[in-house]
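The next block is upload_36.tsv, given as TSV, N, CA and C atoms.
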chain	number	residue	atom	x	y	z
A	1	MET	N	158.25	147.56	196.09
A	1	MET	CA	157.89	146.94	194.84
A	1	MET	C	159.16	146.47	194.12
A	2	ARG	N	159.12	145.22	193.62
A	2	ARG	CA	160.29	144.66	192.93
A	2	ARG	C	160.11	144.81	191.43
A	3	THR	N	161.15	145.26	190.80
A	3	THR	CA	161.12	145.38	189.35
A	3	THR	C	161.77	144.15	188.73
A	4	ARG	N	161.71	144.05	187.41
A	4	ARG	CA	162.29	142.89	186.73
A	4	ARG	C	163.78	142.75	186.98
A	5	SER	N	164.46	143.85	187.09
A	5	SER	CA	165.91	143.79	187.31
A	5	SER	C	166.26	143.32	188.72
A	6	GLN	N	165.31	143.33	189.63
A	6	GLN	CA	165.57	142.92	191.00
A	6	GLN	C	165.10	141.49	191.29
A	7	THR	N	164.44	140.86	190.36
A	7	THR	CA	163.96	139.49	190.60
A	7	THR	C	165.12	138.51	190.53
A	8	ASN	N	164.88	137.33	191.08
A	8	ASN	CA	165.91	136.29	191.09
A	8	ASN	C	166.24	135.84	189.67
A	9	THR	N	167.51	135.55	189.46
A	9	THR	CA	167.92	135.06	188.15
A	9	THR	C	167.83	133.54	188.14
A	10	TYR	N	167.85	132.97	186.96
A	10	TYR	CA	167.81	131.52	186.82
A	10	TYR	C	169.15	130.92	187.19
A	11	SER	N	169.12	129.70	187.68
A	11	SER	CA	170.37	129.01	188.01
A	11	SER	C	171.04	128.56	186.71
A	12	PRO	N	172.34	128.46	186.70
A	12	PRO	CA	173.04	128.07	185.47
A	12	PRO	C	172.72	126.62	185.09
A	13	ILE	N	172.70	126.35	183.80
A	13	ILE	CA	172.41	125.02	183.28
A	13	ILE	C	173.71	124.29	183.02
A	14	ASP	N	173.80	123.07	183.49
A	14	ASP	CA	174.98	122.23	183.25
A	14	ASP	C	174.76	121.50	181.92
A	15	PHE	N	175.30	122.04	180.83
A	15	PHE	CA	175.06	121.49	179.51
A	15	PHE	C	175.75	120.14	179.31
A	16	ILE	N	176.85	119.90	179.99
A	16	ILE	CA	177.53	118.61	179.87
A	16	ILE	C	176.66	117.51	180.46
A	17	GLU	N	176.12	117.74	181.63
A	17	GLU	CA	175.24	116.76	182.27
A	17	GLU	C	173.95	116.59	181.47
A	18	ALA	N	173.40	117.67	180.94
A	18	ALA	CA	172.19	117.59	180.12
A	18	ALA	C	172.44	116.77	178.86
A	19	SER	N	173.60	116.94	178.25
A	19	SER	CA	173.95	116.18	177.06
A	19	SER	C	174.08	114.69	177.37
A	20	LYS	N	174.70	114.36	178.50
A	20	LYS	CA	174.84	112.95	178.90
A	20	LYS	C	173.47	112.31	179.13
A	21	CYS	N	172.57	113.03	179.77
A	21	CYS	CA	171.23	112.50	180.01
A	21	CYS	C	170.47	112.31	178.71
A	22	TRP	N	170.58	113.26	177.80
A	22	TRP	CA	169.88	113.17	176.52
A	22	TRP	C	170.39	112.00	175.70
A	23	ASN	N	171.70	111.77	175.73
A	23	ASN	CA	172.31	110.69	174.95
A	23	ASN	C	172.20	109.32	175.61
A	24	SER	N	171.70	109.25	176.83
A	24	SER	CA	171.71	107.98	177.56
A	24	SER	C	170.87	106.90	176.90
A	25	ASN	N	169.84	107.25	176.16
A	25	ASN	CA	169.01	106.24	175.51
A	25	ASN	C	169.06	106.34	173.99
A	26	LYS	N	170.16	106.86	173.47
A	26	LYS	CA	170.33	107.01	172.02
A	26	LYS	C	171.70	106.53	171.58
A	27	ARG	N	171.79	106.17	170.31
A	27	ARG	CA	173.06	105.77	169.71
A	27	ARG	C	173.20	106.54	168.40
A	28	ARG	N	174.38	107.08	168.17
A	28	ARG	CA	174.63	107.84	166.96
A	28	ARG	C	174.88	106.89	165.80
A	29	ILE	N	174.25	107.14	164.67
A	29	ILE	CA	174.43	106.32	163.48
A	29	ILE	C	175.71	106.76	162.79
A	30	LYS	N	176.53	105.79	162.38
A	30	LYS	CA	177.84	106.08	161.79
A	30	LYS	C	177.73	107.01	160.58
A	31	ASN	N	178.69	107.92	160.48
A	31	ASN	CA	178.84	108.85	159.36
A	31	ASN	C	177.62	109.73	159.12
A	32	THR	N	176.79	109.91	160.11
A	32	THR	CA	175.64	110.81	159.99
A	32	THR	C	175.53	111.64	161.27
A	33	THR	N	174.62	112.57	161.25
A	33	THR	CA	174.37	113.36	162.45
A	33	THR	C	173.04	112.98	163.07
A	34	THR	N	172.55	111.78	162.75
A	34	THR	CA	171.27	111.33	163.29
A	34	THR	C	171.48	110.30	164.39
A	35	TYR	N	170.45	110.12	165.18
A	35	TYR	CA	170.50	109.20	166.32
A	35	TYR	C	169.33	108.23	166.22
A	36	GLU	N	169.47	107.07	166.87
A	36	GLU	CA	168.37	106.14	167.00
A	36	GLU	C	168.26	105.73	168.47
A	37	TYR	N	167.04	105.45	168.89
A	37	TYR	CA	166.82	105.05	170.27
A	37	TYR	C	167.34	103.64	170.50
A	38	VAL	N	167.78	103.37	171.72
A	38	VAL	CA	168.21	102.03	172.12
A	38	VAL	C	167.41	101.60	173.34
A	39	CYS	N	167.46	100.31	173.63
A	39	CYS	CA	166.71	99.73	174.76
A	39	CYS	C	167.11	100.40	176.07
A	40	GLY	N	168.38	100.34	176.41
A	40	GLY	CA	168.88	101.00	177.62
A	40	GLY	C	168.65	100.26	178.92
A	41	ALA	N	168.09	99.04	178.86
A	41	ALA	CA	167.90	98.26	180.08
A	41	ALA	C	169.25	97.78	180.60
A	42	ALA	N	169.36	97.63	181.90
A	42	ALA	CA	170.62	97.17	182.49
A	42	ALA	C	170.85	95.71	182.10
A	43	CYS	N	172.05	95.41	181.62
A	43	CYS	CA	172.40	94.04	181.23
A	43	CYS	C	172.87	93.29	182.47
A	44	SER	N	172.30	92.12	182.68
A	44	SER	CA	172.67	91.33	183.86
A	44	SER	C	174.04	90.68	183.69
A	45	SER	N	174.46	90.43	182.45
A	45	SER	CA	175.75	89.78	182.22
A	45	SER	C	176.91	90.76	182.28
A	46	LYS	N	176.65	92.03	182.08
A	46	LYS	CA	177.70	93.05	182.08
A	46	LYS	C	177.38	94.10	183.12
A	47	VAL	N	178.10	94.11	184.20
A	47	VAL	CA	177.85	95.05	185.29
A	47	VAL	C	178.15	96.47	184.83
A	48	GLY	N	177.20	97.36	185.01
A	48	GLY	CA	177.38	98.76	184.63
A	48	GLY	C	177.16	99.05	183.16
A	49	GLN	N	176.79	98.04	182.38
A	49	GLN	CA	176.54	98.22	180.95
A	49	GLN	C	175.04	98.25	180.69
A	50	PHE	N	174.65	98.91	179.60
A	50	PHE	CA	173.26	99.00	179.23
A	50	PHE	C	173.06	98.44	177.83
A	51	CYS	N	171.90	97.86	177.60
A	51	CYS	CA	171.57	97.23	176.31
A	51	CYS	C	171.57	98.27	175.20
A	52	GLN	N	172.20	97.95	174.08
A	52	GLN	CA	172.29	98.86	172.95
A	52	GLN	C	171.46	98.40	171.76
A	53	LYS	N	170.54	97.45	171.96
A	53	LYS	CA	169.69	96.95	170.88
A	53	LYS	C	168.53	97.90	170.63
A	54	ARG	N	167.97	97.81	169.42
A	54	ARG	CA	166.82	98.64	169.07
A	54	ARG	C	165.58	98.17	169.83
A	55	PRO	N	164.76	99.10	170.28
A	55	PRO	CA	163.50	98.70	170.93
A	55	PRO	C	162.50	98.20	169.89
A	56	ILE	N	161.60	97.32	170.32
A	56	ILE	CA	160.56	96.84	169.42
A	56	ILE	C	159.50	97.92	169.28
A	57	LYS	N	158.66	97.77	168.27
A	57	LYS	CA	157.64	98.78	167.99
A	57	LYS	C	156.70	98.95	169.18
A	58	ASP	N	156.37	100.18	169.49
A	58	ASP	CA	155.47	100.55	170.59
A	58	ASP	C	155.97	100.08	171.95
A	59	SER	N	157.30	100.03	172.12
A	59	SER	CA	157.89	99.64	173.40
A	59	SER	C	159.17	100.43	173.62
A	60	ARG	N	159.59	100.51	174.86
A	60	ARG	CA	160.85	101.18	175.17
A	60	ARG	C	162.02	100.21	175.20
A	61	HIS	N	161.72	98.89	175.15
A	61	HIS	CA	162.76	97.88	175.32
A	61	HIS	C	162.86	96.96	174.10
A	62	CYS	N	164.01	96.28	173.99
A	62	CYS	CA	164.22	95.31	172.92
A	62	CYS	C	163.40	94.06	173.21
A	63	ILE	N	163.42	93.12	172.28
A	63	ILE	CA	162.60	91.92	172.42
A	63	ILE	C	163.02	91.09	173.64
A	64	ILE	N	164.29	91.11	173.98
A	64	ILE	CA	164.78	90.34	175.13
A	64	ILE	C	164.29	90.96	176.44
A	65	HIS	N	164.44	92.25	176.58
A	65	HIS	CA	164.08	92.91	177.84
A	65	HIS	C	162.59	93.19	177.96
A	66	ALA	N	161.85	93.22	176.84
A	66	ALA	CA	160.41	93.43	176.91
A	66	ALA	C	159.73	92.24	177.59
A	67	LYS	N	160.32	91.05	177.44
A	67	LYS	CA	159.75	89.84	178.06
A	67	LYS	C	160.00	89.82	179.56
A	68	THR	N	161.13	90.36	179.99
A	68	THR	CA	161.50	90.28	181.40
A	68	THR	C	160.99	91.44	182.24
A	69	ILE	N	160.62	92.53	181.61
A	69	ILE	CA	160.18	93.71	182.37
A	69	ILE	C	158.68	93.80	182.40

Have the structure of the file written as structure tokens, please.
Amino acid sequence: MRTRSQTNTYSPIDFIEASKCWNSNKRRIKNTTTYEYVCGAACSSKVGQFCQKRPIKDSRHCIIHAKTI
């Protein structure tokens, strides 16, 4: 019979990676501790860059990328 002290422990959480993932679709508002969501779609004109515009209402993308996706 296995007791609680003998059960497997949880794997460690990589908080740096978790923070990067959480911030991937957000932008920090200047001089505050609040965030706002951004479009985050890949920009075709900038390789490796992501769109930083605000998404339109009831959508995950900005007005430019909502038309193309």

Requested in this report: Quick one: residues within 12 Å of (173.7, 107.9, 173.4) (file frame), counting only C-alpha atoms, please, as a PyMOL selection string.
Outcome: chain A and resi 18-29+34-40+50-53

Query raised in the report: Could you work out how far atom CA of Cys43 of chain A lies from atom C of Arg60 of chain A, giving the answer in Å with one decimal?
Result: 13.5 Å

**Report entry** Separation of atom N of Ser59 of chain A from atom C of Ala42 of chain A in Å
**Finding:** 17.4 Å

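The space between atom N of Asn31 of chain A and atom C of Gln49 of chain A spans 22.7 Å.
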
Query - Filtered DSSP result for chain A, state strand (DSSP E), as a ChimeraX atom specification - result: /A:26-28,35-37

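The nearest approach to Ala41 of chain A among the residues A:Ile56, A:His65, A:Glu17, A:Pro12, with only N, CA and C atoms taken into account, belongs to A:His65.
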
Report task. Apply DSSP to the structure's backbone, then extract all residues of chain A labelled alpha helix (DSSP H) and return them as a ChimeraX atom specification. Result -> /A:15-23,63-68

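Each of A:Ser11, A:Ile16, A:Arg54, A:Lys30 was compared to Ala66 of chain A using only C-alpha atoms, and A:Arg54 turns out to be the nearest.
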